[in-house]
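Dropping model_37.txt in here (compact mmCIF, C-alpha atoms):
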```txt
# COMPACT_ATOMS: atom_id res chain seq x y z
CA MET Y 1398 51.57 -2.29 -55.70
CA ASN Y 1399 52.56 -0.93 -52.28
CA ILE Y 1400 49.70 -1.51 -49.83
CA LEU Y 1401 49.36 -0.53 -46.16
CA VAL Y 1402 46.86 -2.60 -44.13
CA ALA Y 1403 45.82 -0.87 -40.90
CA GLY Y 1404 44.57 -3.34 -38.30
CA CYS Y 1405 45.99 -6.81 -37.71
CA GLY Y 1406 42.89 -8.60 -36.48
CA GLN Y 1407 41.54 -11.67 -38.23
CA VAL Y 1408 40.34 -9.62 -41.22
CA GLY Y 1409 43.50 -7.53 -41.57
CA LYS Y 1410 45.75 -10.55 -41.19
CA SER Y 1411 43.80 -12.53 -43.79
CA LEU Y 1412 43.84 -9.56 -46.17
CA ALA Y 1413 47.58 -9.04 -45.81
CA GLN Y 1414 48.28 -12.70 -46.58
CA GLN Y 1415 45.93 -12.72 -49.58
CA LEU Y 1416 47.41 -9.53 -51.07
CA TYR Y 1417 50.95 -10.81 -50.52
CA GLU Y 1418 50.04 -14.02 -52.39
CA GLU Y 1419 48.74 -11.80 -55.21
CA GLY Y 1420 52.26 -10.38 -55.55
CA HIS Y 1421 51.95 -7.03 -53.74
CA GLU Y 1422 54.33 -5.34 -51.30
CA VAL Y 1423 52.33 -5.30 -48.08
CA THR Y 1424 52.91 -3.46 -44.81
CA VAL Y 1425 50.70 -4.18 -41.78
CA MET Y 1426 50.16 -1.59 -39.05
CA ASP Y 1427 48.73 -1.99 -35.54
CA VAL Y 1428 49.22 -0.63 -32.03
CA ASN Y 1429 49.43 -4.21 -30.73
CA TYR Y 1430 52.89 -5.73 -31.19
CA HIS Y 1431 51.67 -9.31 -30.78
CA ALA Y 1432 49.06 -8.82 -33.53
CA ILE Y 1433 51.80 -7.55 -35.87
CA GLU Y 1434 54.03 -10.48 -34.96
CA SER Y 1435 51.20 -12.93 -35.77
CA ALA Y 1436 50.61 -11.32 -39.19
CA THR Y 1437 54.29 -11.16 -40.16
CA SER Y 1438 55.01 -14.72 -39.06
CA SER Y 1439 52.30 -16.18 -41.31
CA SER Y 1440 53.39 -14.36 -44.50
CA ASP Y 1441 56.34 -12.30 -45.71
CA VAL Y 1442 54.88 -8.86 -45.02
CA ILE Y 1443 56.43 -5.84 -43.29
CA GLY Y 1444 55.20 -4.96 -39.79
CA PHE Y 1445 54.95 -1.46 -38.29
CA GLN Y 1446 53.77 -0.72 -34.77
CA GLY Y 1447 51.75 2.49 -34.64
CA ASP Y 1448 48.35 4.18 -34.59
CA CYS Y 1449 46.71 4.44 -38.02
CA THR Y 1450 44.90 7.63 -36.92
CA SER Y 1451 48.21 9.39 -36.26
CA LEU Y 1452 49.63 11.45 -39.14
CA GLN Y 1453 53.15 10.95 -37.81
CA ASP Y 1454 52.75 7.17 -37.53
CA GLN Y 1455 51.29 6.91 -41.03
CA THR Y 1456 54.18 9.00 -42.35
CA ASP Y 1457 56.71 6.78 -40.58
CA ALA Y 1458 54.99 3.71 -42.02
CA GLY Y 1459 55.59 5.12 -45.51
CA ILE Y 1460 52.14 6.36 -46.50
CA LYS Y 1461 53.62 8.75 -49.09
CA ASN Y 1462 54.97 5.75 -51.01
CA MET Y 1463 51.78 3.69 -50.78
CA ASP Y 1464 49.35 3.10 -53.63
CA LEU Y 1465 46.57 1.96 -51.31
CA LEU Y 1466 45.59 2.09 -47.63
CA ILE Y 1467 43.12 -0.49 -46.32
CA ALA Y 1468 41.71 0.43 -42.90
CA ALA Y 1469 40.44 -2.80 -41.33
CA THR Y 1470 40.47 -2.16 -37.58
CA ASP Y 1471 37.44 -3.13 -35.47
CA GLN Y 1472 36.35 0.54 -35.12
CA ASP Y 1473 34.46 2.18 -38.00
CA GLU Y 1474 35.31 5.74 -36.95
CA LYS Y 1475 38.99 4.89 -36.68
CA ASN Y 1476 38.94 3.35 -40.18
CA MET Y 1477 37.32 6.41 -41.72
CA LEU Y 1478 39.71 8.81 -39.99
CA ALA Y 1479 42.72 6.72 -41.07
CA CYS Y 1480 41.52 6.92 -44.67
CA LEU Y 1481 41.04 10.68 -44.47
CA ILE Y 1482 44.59 11.17 -43.17
CA ALA Y 1483 46.04 8.83 -45.83
CA ARG Y 1484 44.13 10.59 -48.59
CA LYS Y 1485 45.45 14.00 -47.53
CA ALA Y 1486 49.00 12.98 -46.55
CA GLY Y 1487 49.74 10.23 -49.07
CA ARG Y 1488 47.27 11.00 -51.87
CA CYS Y 1489 46.76 7.27 -52.23
CA GLN Y 1490 43.63 5.22 -52.80
CA THR Y 1491 41.77 4.26 -49.61
CA ILE Y 1492 39.39 1.50 -48.51
CA ALA Y 1493 37.52 1.49 -45.19
CA ARG Y 1494 35.80 -1.40 -43.47
CA VAL Y 1495 32.54 0.03 -42.09
CA ARG Y 1496 30.14 -2.29 -40.26
CA ASP Y 1497 27.75 -0.23 -38.15
CA PRO Y 1498 24.19 -0.04 -39.56
CA GLN Y 1499 23.98 3.66 -38.58
CA TYR Y 1500 26.45 4.50 -41.38
CA LEU Y 1501 24.71 2.42 -44.05
CA GLU Y 1502 22.39 5.10 -45.43
CA GLU Y 1503 25.07 7.78 -45.08
CA MET Y 1504 27.82 5.86 -46.86
CA ARG Y 1505 27.56 7.65 -50.19
CA PHE Y 1506 27.96 11.02 -48.47
CA LEU Y 1507 30.84 9.77 -46.30
CA LYS Y 1508 32.68 8.29 -49.31
CA GLU Y 1509 32.55 11.61 -51.12
CA GLU Y 1510 33.54 13.70 -48.11
CA LEU Y 1511 36.35 11.38 -46.99
CA GLY Y 1512 37.58 10.65 -50.52
CA LEU Y 1513 37.15 6.90 -50.05
CA SER Y 1514 37.85 4.78 -53.11
CA MET Y 1515 35.72 2.02 -51.63
CA SER Y 1516 33.91 1.02 -48.46
CA ILE Y 1517 33.18 -2.57 -47.51
CA ASN Y 1518 30.57 -3.76 -45.03
CA PRO Y 1519 31.43 -7.46 -44.68
CA ASP Y 1520 28.54 -8.13 -42.29
CA LEU Y 1521 26.00 -6.76 -44.76
CA VAL Y 1522 27.53 -8.76 -47.63
CA ALA Y 1523 27.57 -11.91 -45.48
CA ALA Y 1524 23.90 -11.38 -44.64
CA SER Y 1525 23.11 -10.98 -48.34
CA ASP Y 1526 24.90 -14.28 -49.05
CA LEU Y 1527 22.83 -15.98 -46.35
CA VAL Y 1528 19.60 -14.59 -47.81
CA ARG Y 1529 20.43 -16.02 -51.24
CA LEU Y 1530 21.16 -19.43 -49.67
CA ILE Y 1531 17.83 -19.35 -47.85
CA GLN Y 1532 16.00 -18.40 -51.04
CA ILE Y 1533 17.62 -21.39 -52.85
CA PRO Y 1534 17.57 -24.10 -50.14
CA SER Y 1535 19.24 -26.80 -52.25
CA ALA Y 1536 22.31 -24.65 -52.99
CA LEU Y 1537 25.61 -24.93 -51.13
CA GLU Y 1538 26.74 -21.57 -52.50
CA VAL Y 1539 25.14 -18.77 -54.53
CA ASP Y 1540 27.05 -15.95 -56.27
CA THR Y 1541 25.59 -13.36 -58.63
CA PHE Y 1542 26.80 -11.59 -61.77
CA ALA Y 1543 25.43 -9.17 -64.39
CA LYS Y 1544 23.74 -7.06 -61.69
CA GLY Y 1545 21.79 -10.06 -60.41
CA ARG Y 1546 20.65 -11.37 -63.81
CA ILE Y 1547 22.91 -14.44 -63.65
CA SER Y 1548 23.60 -16.71 -60.68
CA LEU Y 1549 26.42 -19.17 -60.12
CA ILE Y 1550 24.92 -21.91 -57.96
CA ARG Y 1551 26.77 -24.78 -56.34
CA LEU Y 1552 24.80 -28.04 -56.02
CA VAL Y 1553 25.40 -31.73 -55.36
CA ILE Y 1554 24.17 -34.24 -57.96
CA PRO Y 1555 21.79 -36.67 -56.19
CA VAL Y 1556 21.62 -40.42 -56.82
CA GLY Y 1557 19.15 -41.16 -59.61
CA SER Y 1558 19.53 -37.73 -61.23
CA ILE Y 1559 19.44 -37.41 -65.01
CA LEU Y 1560 22.93 -35.90 -64.61
CA ASP Y 1561 24.38 -39.10 -63.11
CA GLY Y 1562 26.52 -40.63 -65.89
CA LEU Y 1563 25.69 -37.86 -68.40
CA GLN Y 1564 28.40 -36.55 -70.73
CA LEU Y 1565 28.34 -32.76 -70.92
CA LYS Y 1566 28.12 -32.76 -74.72
CA ASP Y 1567 24.65 -34.34 -74.27
CA PHE Y 1568 23.57 -31.86 -71.60
CA GLY Y 1569 21.59 -29.59 -73.93
CA SER Y 1570 19.59 -32.36 -75.58
CA ARG Y 1571 18.86 -34.24 -72.33
CA VAL Y 1572 18.24 -31.36 -69.90
CA GLY Y 1573 17.28 -28.64 -72.35
CA THR Y 1574 17.70 -25.55 -70.13
CA ALA Y 1575 19.89 -22.48 -70.48
CA ALA Y 1576 22.09 -23.68 -67.61
CA LEU Y 1577 25.84 -24.21 -68.05
CA ILE Y 1578 27.90 -26.50 -65.81
CA CYS Y 1579 31.23 -24.72 -65.49
CA VAL Y 1580 33.02 -26.34 -62.50
CA VAL Y 1581 32.97 -29.87 -61.09
CA GLU Y 1582 34.46 -31.01 -57.78
CA ARG Y 1583 34.90 -34.77 -57.32
CA GLY Y 1584 36.69 -35.74 -54.16
CA ASN Y 1585 39.86 -33.64 -54.05
CA GLN Y 1586 39.81 -32.99 -57.81
CA VAL Y 1587 38.46 -29.75 -59.30
CA VAL Y 1588 37.80 -29.63 -63.06
CA ILE Y 1589 36.73 -27.01 -65.60
CA PRO Y 1590 34.92 -29.66 -67.68
CA GLY Y 1591 34.83 -30.12 -71.46
CA GLY Y 1592 32.21 -31.81 -73.60
CA ASP Y 1593 33.60 -35.32 -73.01
CA PHE Y 1594 33.46 -35.03 -69.21
CA ARG Y 1595 31.02 -37.51 -67.62
CA LEU Y 1596 29.16 -36.40 -64.48
CA ALA Y 1597 28.45 -38.69 -61.52
CA ALA Y 1598 26.20 -38.72 -58.46
CA GLY Y 1599 27.91 -37.01 -55.55
CA ASP Y 1600 29.74 -34.50 -57.74
CA SER Y 1601 29.61 -30.92 -56.51
CA ILE Y 1602 28.85 -28.74 -59.54
CA SER Y 1603 28.74 -24.98 -60.11
CA VAL Y 1604 26.07 -23.98 -62.61
CA THR Y 1605 25.41 -20.60 -64.22
CA LEU Y 1606 21.79 -19.79 -65.01
CA SER Y 1607 19.19 -17.08 -64.52
CA LEU Y 1608 16.88 -17.30 -61.52
CA GLU Y 1609 13.94 -17.58 -63.93
CA ASP Y 1610 15.36 -20.90 -65.19
CA LEU Y 1611 16.28 -22.24 -61.74
CA THR Y 1612 13.06 -24.05 -60.82
CA GLU Y 1613 12.86 -25.80 -64.19
CA PHE Y 1614 16.51 -26.86 -63.97
CA LEU Y 1615 16.24 -28.24 -60.42
CA THR Y 1616 13.10 -30.18 -61.33
CA LYS Y 1617 14.70 -31.75 -64.40
CA VAL Y 1618 17.85 -32.84 -62.56
CA GLY Y 1619 15.90 -34.26 -59.61
CA ILE Y 1620 16.92 -31.80 -56.89
CA LYS Y 1621 14.03 -31.01 -54.56
CA ALA Y 1622 13.92 -28.70 -51.57
CA LYS Y 1623 11.01 -27.26 -49.64
CA LYS Y 1624 10.60 -23.51 -49.44
CA ILE Y 1625 12.02 -22.00 -46.26
CA LYS Y 1626 9.32 -20.25 -44.24
CA ASN Y 1627 10.92 -19.88 -40.80
CA VAL Y 1628 14.51 -19.28 -39.67
CA LEU Y 1629 16.22 -19.48 -36.30
CA ILE Y 1630 19.19 -17.14 -35.87
CA ALA Y 1631 21.58 -17.98 -33.02
CA GLY Y 1632 23.37 -14.80 -31.96
CA GLY Y 1633 22.23 -11.20 -32.24
CA GLY Y 1634 25.25 -9.45 -33.76
CA THR Y 1635 25.39 -7.16 -36.78
CA ILE Y 1636 25.12 -9.96 -39.36
CA ALA Y 1637 22.07 -11.30 -37.52
CA TYR Y 1638 20.46 -7.85 -37.61
CA TYR Y 1639 21.03 -7.38 -41.35
CA LEU Y 1640 19.87 -10.94 -42.06
CA ALA Y 1641 16.71 -10.74 -39.95
CA LYS Y 1642 15.76 -7.38 -41.45
CA ARG Y 1643 15.98 -8.75 -44.99
CA LEU Y 1644 14.18 -12.02 -44.18
CA LEU Y 1645 11.30 -10.14 -42.56
CA GLU Y 1646 11.01 -8.03 -45.72
CA LEU Y 1647 10.65 -11.34 -47.61
CA ARG Y 1648 7.89 -12.37 -45.17
CA ILE Y 1649 9.93 -15.17 -43.64
CA SER Y 1650 9.35 -15.80 -39.94
CA VAL Y 1651 12.44 -15.02 -37.83
CA LYS Y 1652 13.38 -16.11 -34.31
CA ILE Y 1653 16.59 -14.71 -32.71
CA ILE Y 1654 18.27 -16.13 -29.58
CA GLU Y 1655 20.76 -13.77 -27.91
CA LYS Y 1656 22.54 -14.02 -24.51
CA ASP Y 1657 22.98 -10.27 -23.87
CA PRO Y 1658 19.75 -8.78 -22.44
CA LYS Y 1659 20.66 -5.26 -23.55
CA ARG Y 1660 21.21 -6.43 -27.13
CA CYS Y 1661 17.87 -8.28 -26.97
CA ASP Y 1662 16.14 -5.01 -26.12
CA GLU Y 1663 17.87 -3.26 -29.04
CA LEU Y 1664 16.90 -5.99 -31.51
CA ALA Y 1665 13.31 -6.10 -30.26
CA GLU Y 1666 13.04 -2.36 -30.83
CA GLU Y 1667 14.70 -2.35 -34.25
CA LEU Y 1668 13.00 -5.56 -35.49
CA PRO Y 1669 9.50 -5.51 -33.99
CA LYS Y 1670 8.25 -8.29 -36.29
CA ALA Y 1671 10.96 -10.74 -35.17
CA MET Y 1672 10.71 -12.94 -32.07
CA VAL Y 1673 13.71 -12.07 -29.90
CA ILE Y 1674 14.53 -14.52 -27.09
CA HIS Y 1675 16.98 -13.89 -24.24
CA GLY Y 1676 18.93 -17.08 -23.70
CA ASP Y 1677 21.82 -19.36 -24.64
CA ALA Y 1678 21.42 -20.92 -28.10
CA THR Y 1679 23.55 -23.89 -26.99
CA ASP Y 1680 21.08 -24.71 -24.17
CA LYS Y 1681 19.32 -27.90 -25.30
CA THR Y 1682 16.30 -27.29 -23.07
CA LEU Y 1683 15.77 -23.82 -24.53
CA LEU Y 1684 16.16 -25.12 -28.08
CA ILE Y 1685 13.52 -27.79 -27.48
CA GLU Y 1686 11.17 -25.21 -25.93
CA GLU Y 1687 11.58 -23.06 -29.05
CA SER Y 1688 10.79 -26.03 -31.32
CA ILE Y 1689 14.13 -26.04 -33.11
CA GLU Y 1690 13.23 -29.33 -34.81
CA ASP Y 1691 10.47 -27.51 -36.71
CA MET Y 1692 12.73 -24.82 -38.15
CA ASP Y 1693 13.37 -24.79 -41.90
CA ALA Y 1694 16.78 -23.14 -41.50
CA VAL Y 1695 19.21 -22.41 -38.66
CA CYS Y 1696 21.91 -19.73 -38.89
CA CYS Y 1697 24.69 -20.11 -36.30
CA LEU Y 1698 26.07 -16.57 -35.92
CA MET Y 1699 27.31 -16.47 -32.34
CA GLY Y 1700 30.61 -14.89 -31.34
CA GLN Y 1701 32.31 -18.20 -30.49
CA ASP Y 1702 33.18 -20.67 -33.23
CA GLU Y 1703 32.87 -23.61 -30.83
CA ALA Y 1704 29.28 -22.68 -29.96
CA ASN Y 1705 28.38 -22.33 -33.64
CA ILE Y 1706 29.89 -25.72 -34.46
CA LEU Y 1707 28.14 -27.50 -31.57
CA LEU Y 1708 24.76 -26.02 -32.43
CA SER Y 1709 25.06 -26.91 -36.11
CA LEU Y 1710 26.06 -30.52 -35.31
CA TYR Y 1711 23.14 -30.83 -32.89
CA VAL Y 1712 20.66 -29.55 -35.50
CA ASP Y 1713 22.11 -32.03 -38.01
CA LYS Y 1714 21.14 -34.89 -35.67
CA ILE Y 1715 17.57 -33.81 -34.94
CA SER Y 1716 16.26 -32.30 -38.20
CA ASP Y 1717 16.83 -31.75 -41.92
CA ALA Y 1718 16.94 -27.95 -41.54
CA LYS Y 1719 19.31 -26.04 -43.80
CA ARG Y 1720 22.28 -24.94 -41.69
CA MET Y 1721 24.62 -21.99 -42.13
CA ILE Y 1722 27.51 -21.27 -39.80
CA LYS Y 1723 29.90 -18.37 -39.26
CA ILE Y 1724 33.54 -19.26 -38.54
CA HIS Y 1725 36.05 -16.66 -37.31
CA ARG Y 1726 39.32 -18.55 -36.76
CA ASN Y 1727 41.48 -19.49 -39.73
CA SER Y 1728 42.72 -22.60 -37.94
CA TYR Y 1729 39.18 -23.98 -37.67
CA GLU Y 1730 38.08 -23.61 -41.27
CA ASP Y 1731 39.86 -26.65 -42.74
CA MET Y 1732 38.78 -28.91 -39.87
CA VAL Y 1733 35.18 -27.72 -39.87
CA ALA Y 1734 34.92 -28.24 -43.64
CA GLU Y 1735 35.20 -32.00 -42.95
CA LEU Y 1736 32.21 -31.94 -40.56
CA PRO Y 1737 28.48 -31.90 -41.43
CA VAL Y 1738 27.98 -28.32 -40.28
CA GLY Y 1739 26.31 -26.95 -43.43
CA THR Y 1740 27.45 -23.90 -45.37
CA ILE Y 1741 30.36 -21.96 -43.86
CA ILE Y 1742 30.28 -18.14 -43.96
CA SER Y 1743 33.52 -16.19 -43.49
CA THR Y 1744 33.54 -12.38 -43.36
CA LYS Y 1745 37.32 -12.49 -43.83
CA LYS Y 1746 36.95 -14.23 -47.19
CA ILE Y 1747 34.14 -11.90 -48.25
CA THR Y 1748 36.27 -8.85 -47.47
CA ALA Y 1749 39.29 -10.35 -49.27
CA GLU Y 1750 37.24 -11.05 -52.41
CA TYR Y 1751 35.89 -7.51 -52.61
CA ILE Y 1752 39.23 -5.83 -51.98
CA THR Y 1753 41.14 -8.18 -54.32
CA ARG Y 1754 38.65 -7.27 -57.07
CA PHE Y 1755 39.31 -3.56 -56.49
CA VAL Y 1756 43.10 -4.01 -56.42
CA ARG Y 1757 43.09 -5.99 -59.68
CA SER Y 1758 41.03 -3.27 -61.33
CA MET Y 1759 43.59 -0.68 -60.16
CA GLN Y 1760 46.38 -2.70 -61.78
CA ASN Y 1761 44.68 -3.14 -65.12
CA SER Y 1762 45.75 -0.74 -67.88
CA TYR Y 1763 43.17 -1.74 -70.51
CA GLY Y 1764 40.05 -0.44 -68.82
CA SER Y 1765 38.52 -3.93 -68.48
CA ASN Y 1766 37.71 -3.67 -64.80
CA VAL Y 1767 36.89 -6.60 -62.53
CA GLU Y 1768 33.20 -6.12 -61.78
CA ALA Y 1769 32.88 -9.16 -59.50
CA LEU Y 1770 35.20 -11.81 -58.06
CA TYR Y 1771 34.34 -14.96 -56.12
CA ARG Y 1772 36.50 -17.84 -54.96
CA LEU Y 1773 34.95 -21.29 -55.28
CA MET Y 1774 35.80 -24.80 -54.16
CA ASP Y 1775 37.90 -23.71 -51.17
CA GLY Y 1776 39.67 -21.06 -53.25
CA ARG Y 1777 40.85 -23.41 -56.00
CA VAL Y 1778 38.64 -21.76 -58.65
CA GLU Y 1779 37.96 -18.10 -59.35
CA ALA Y 1780 34.81 -16.77 -60.97
CA LEU Y 1781 35.22 -13.25 -62.36
CA GLU Y 1782 33.10 -10.74 -64.22
CA PHE Y 1783 35.04 -8.31 -66.45
CA ASN Y 1784 33.84 -5.08 -68.02
CA VAL Y 1785 35.28 -4.97 -71.55
CA GLY Y 1786 37.09 -1.77 -72.53
CA GLU Y 1787 37.73 -0.35 -76.00
CA ASP Y 1788 41.32 -1.63 -76.23
CA ALA Y 1789 40.58 -5.21 -75.20
CA LYS Y 1790 42.22 -7.79 -77.49
CA VAL Y 1791 39.37 -10.31 -77.01
CA THR Y 1792 37.15 -8.12 -79.23
CA TRP Y 1793 39.31 -8.79 -82.31
CA GLY Y 1794 37.68 -12.08 -83.37
CA THR Y 1795 35.08 -14.76 -82.66
CA LEU Y 1796 35.53 -17.01 -79.64
CA LYS Y 1797 36.63 -19.95 -81.78
CA ASP Y 1798 39.46 -17.77 -83.14
CA LEU Y 1799 40.75 -16.82 -79.69
CA ARG Y 1800 43.37 -18.89 -77.90
CA ILE Y 1801 41.79 -19.25 -74.46
CA ARG Y 1802 43.94 -20.32 -71.52
CA LYS Y 1803 43.72 -23.92 -70.39
CA ASN Y 1804 41.27 -24.55 -67.53
CA THR Y 1805 39.43 -21.31 -68.32
CA LEU Y 1806 35.81 -21.11 -69.47
CA ILE Y 1807 33.69 -18.17 -70.67
CA CYS Y 1808 30.32 -18.76 -68.98
CA CYS Y 1809 28.21 -15.91 -70.33
CA ILE Y 1810 28.24 -12.49 -71.97
CA ASN Y 1811 26.03 -9.67 -70.72
CA ARG Y 1812 25.33 -7.28 -73.62
CA LYS Y 1813 23.24 -4.33 -72.40
CA GLY Y 1814 21.09 -6.61 -70.28
CA ARG Y 1815 20.81 -9.43 -72.84
CA ILE Y 1816 22.46 -12.61 -71.55
CA ILE Y 1817 24.32 -14.63 -74.22
CA ARG Y 1818 25.37 -18.25 -73.70
CA PRO Y 1819 28.55 -18.12 -75.79
CA GLY Y 1820 29.33 -20.46 -78.66
CA GLY Y 1821 32.30 -20.55 -81.01
CA ASN Y 1822 30.75 -18.07 -83.45
CA ASP Y 1823 29.92 -15.48 -80.78
CA LYS Y 1824 32.06 -12.40 -80.31
CA ILE Y 1825 32.92 -10.22 -77.30
CA ASP Y 1826 32.23 -6.52 -77.91
CA GLU Y 1827 33.34 -3.34 -76.22
CA GLY Y 1828 30.91 -2.52 -73.40
CA ASP Y 1829 30.06 -6.17 -72.67
CA SER Y 1830 30.55 -7.73 -69.28
CA VAL Y 1831 31.90 -11.29 -69.42
CA VAL Y 1832 31.76 -13.99 -66.73
CA VAL Y 1833 34.76 -16.34 -66.63
CA VAL Y 1834 35.67 -19.29 -64.39
CA THR Y 1835 39.28 -20.42 -64.14
CA THR Y 1836 41.73 -22.38 -62.04
CA GLU Y 1837 44.38 -19.79 -62.95
CA ARG Y 1838 45.10 -17.11 -60.34
CA GLY Y 1839 45.67 -13.39 -60.72
CA LEU Y 1840 43.61 -12.48 -63.80
CA ASN Y 1841 43.38 -8.67 -63.82
CA SER Y 1842 41.63 -8.03 -67.15
CA ILE Y 1843 39.59 -9.87 -69.75
CA ASP Y 1844 42.68 -10.12 -72.00
CA ASP Y 1845 44.37 -12.28 -69.33
CA ILE Y 1846 42.13 -15.18 -70.43
CA LEU Y 1847 44.18 -15.40 -73.63
CA GLY Y 1848 46.99 -17.92 -73.78
```
What would the structure in this file look like if it were written as structure tokens?
Amino acid sequence: MNILVAGCGQVGKSLAQQLYEEGHEVTVMDVNYHAIESATSSSDVIGFQGDCTSLQDQTDAGIKNMDLLIAATDQDEKNMLACLIARKAGRCQTIARVRDPQYLEEMRFLKEELGLSMSINPDLVAASDLVRLIQIPSALEVDTFAKGRISLIRLVIPVGSILDGLQLKDFGSRVGTAALICVVERGNQVVIPGGDFRLAAGDSISVTLSLEDLTEFLTKVGIKAKKIKNVLIAGGGTIAYYLAKRLLELRISVKIIEKDPKRCDELAEELPKAMVIHGDATDKTLLIEESIEDMDAVCCLMGQDEANILLSLYVDKISDAKRMIKIHRNSYEDMVAELPVGTIISTKKITAEYITRFVRSMQNSYGSNVEALYRLMDGRVEALEFNVGEDAKVTWGTLKDLRIRKNTLICCINRKGRIIRPGGNDKIDEGDSVVVVTTERGLNSIDDILG
């Protein structure tokens, strides 16, 4: 596909690289020459200097030959206007990044009026991810499928767990829950495990199960975590606002520390039940005054990566609070992953996952759209949910009769709200949604799981 990415900031640059790696012809567009140069030097994409809200500049960039425009500048209004122009001039599909809370309730109307194929609010999605992590304190990562009925939860097997030394073929008889272990990370090795695979303490595992079965599963495998009742949020940006709003709805106590006095006033007005403090969240004296050692969770969401890293490392030394940290710079992510900073949140990756899902659905000719897409284990594994269309080849026989790709596992089948843990005699039907994990890249439809 021919794709034009408008905006070469961190998000646009990351998107362009991801889409290029997916095999698309990508053009990046920005008014800033140095931003274009940075994007084109990191991947083999075409650069065009121009204003995405200019009809002439979009025309010169080749909008009439594009299949998709992604507007990812740092201005919501500019993104929406760019999409409107592209829709009228190029008649292509359009995606807008829209972050401001004032547009949240109006988004359905704006999508219809502007002809948007999709809008993405990465800050809202990031906040939702953080909420799920706070609700399941022992999890390193939580992704959802089947409209929230199934969760894919990443955990670490503790020493002394019933899972330590257990072969997966004995999992059902020993643990006896509806959970399914579908990915294992051991050191630098990532495995889609079979029945003969033997688990070990320290393994990072991804497990699919319903939230109703979660407590029973964690108890049986020896993973304990206290319920989170209070959260400190460092930084008062848009993610912090969305996060605090949702936590307060869940009756979790929220304390926000923000340096900008004007922003403090705004947050205090919009979130009257939260405690909003004007100050520097990297000030040790202030943190002690605010009893940071008594917090159940700390979310480091400041504008500077260095400040987020320092705060998270400090909290690691003084308490056992669950820590979540936002990282902006690509160059920091690999280094920070080696440090005890807690769970890393990246709006760039969130945006890339959502848009990649949409692009793959556009490519698919069978009608088996990608309903959800997540990248696990530092991007080495993909978890996808496919809607099964009437022409899908996987409906032609039972699972034991299908030749499934190597390193690919069918985790569950959602049939009109009924969740099926698939066995060899089960069958995929038209209208099902199917959750798959795989180390293969670029699956666009459910039939791509076939060898």
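In this comparison, which uses all atoms listed in the file, the residue of Y:Val1778, Y:Cys1697, Y:Gly1562, Y:Asp1540 approaching Y:Glu1582 most closely is Y:Val1778.
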Got a sec: who's within 12 Å of Y:Ile1559, counting all atoms listed in the file, leaving out chain neighbours fewer than 6 positions off, as JSON, numbers by chain? {"Y": [1565, 1567, 1568, 1570, 1571, 1572, 1573, 1595, 1596, 1597, 1598, 1614, 1615, 1616, 1617, 1618, 1619, 1620]}
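Considering all atoms listed in the file, the residue among Y:Lys1621, Y:Lys1544, Y:Arg1583, Y:His1431 positioned nearest to Y:Phe1445 is Y:His1431.
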Quick one: residues within 9 Å of stretch 1838-1845 of chain Y, all atoms listed in the file counted, chain neighbours fewer than 2 positions away excluded, as a ChimeraX atom specification? /Y:1419-1420,1754,1756-1767,1777-1779,1781-1786,1789-1791,1802,1831,1833,1835-1836,1847-1848
What's around Y:Ser1603 at 9 Å? Count only C-alpha atoms, leave out sequence neighbours fewer than 5 positions away in its own chain, and write the answer as an MDAnalysis selection string. chainID Y and resid 1538 1549:1553 1577:1582 1773
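Interatomic distance, atom CA of Y:Val1428 to atom CA of Y:Asp1657: 29.1 Å.
Interatomic distance, atom CA of Y:Glu1422 to atom CA of Y:Met1398: 6.0 Å.
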Which neighbours of Y:Lys1508 fall inside 12 Å, counting all atoms listed in the file, when residues of the same chain fewer than 3 positions from it are skipped, and could you give them as a tab-separated table (two decimals) with C-alpha atoms, keeping the file's coordinate frame?
```
chain	number	residue	atom	x	y	z
Y	1477	MET	CA	37.32	6.41	-41.72
Y	1478	LEU	CA	39.71	8.81	-39.99
Y	1480	CYS	CA	41.52	6.92	-44.67
Y	1481	LEU	CA	41.04	10.68	-44.47
Y	1484	ARG	CA	44.13	10.59	-48.59
Y	1490	GLN	CA	43.63	5.22	-52.80
Y	1491	THR	CA	41.77	4.26	-49.61
Y	1492	ILE	CA	39.39	1.50	-48.51
Y	1493	ALA	CA	37.52	1.49	-45.19
Y	1494	ARG	CA	35.80	-1.40	-43.47
Y	1495	VAL	CA	32.54	0.03	-42.09
Y	1500	TYR	CA	26.45	4.50	-41.38
Y	1501	LEU	CA	24.71	2.42	-44.05
Y	1502	GLU	CA	22.39	5.10	-45.43
Y	1503	GLU	CA	25.07	7.78	-45.08
Y	1504	MET	CA	27.82	5.86	-46.86
Y	1505	ARG	CA	27.56	7.65	-50.19
Y	1511	LEU	CA	36.35	11.38	-46.99
Y	1512	GLY	CA	37.58	10.65	-50.52
Y	1513	LEU	CA	37.15	6.90	-50.05
Y	1514	SER	CA	37.85	4.78	-53.11
Y	1515	MET	CA	35.72	2.02	-51.63
Y	1516	SER	CA	33.91	1.02	-48.46
Y	1517	ILE	CA	33.18	-2.57	-47.51
```
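Going from atom CA of Y:Asn1822 to atom CA of Y:Gly1794 covers 9.2 Å.
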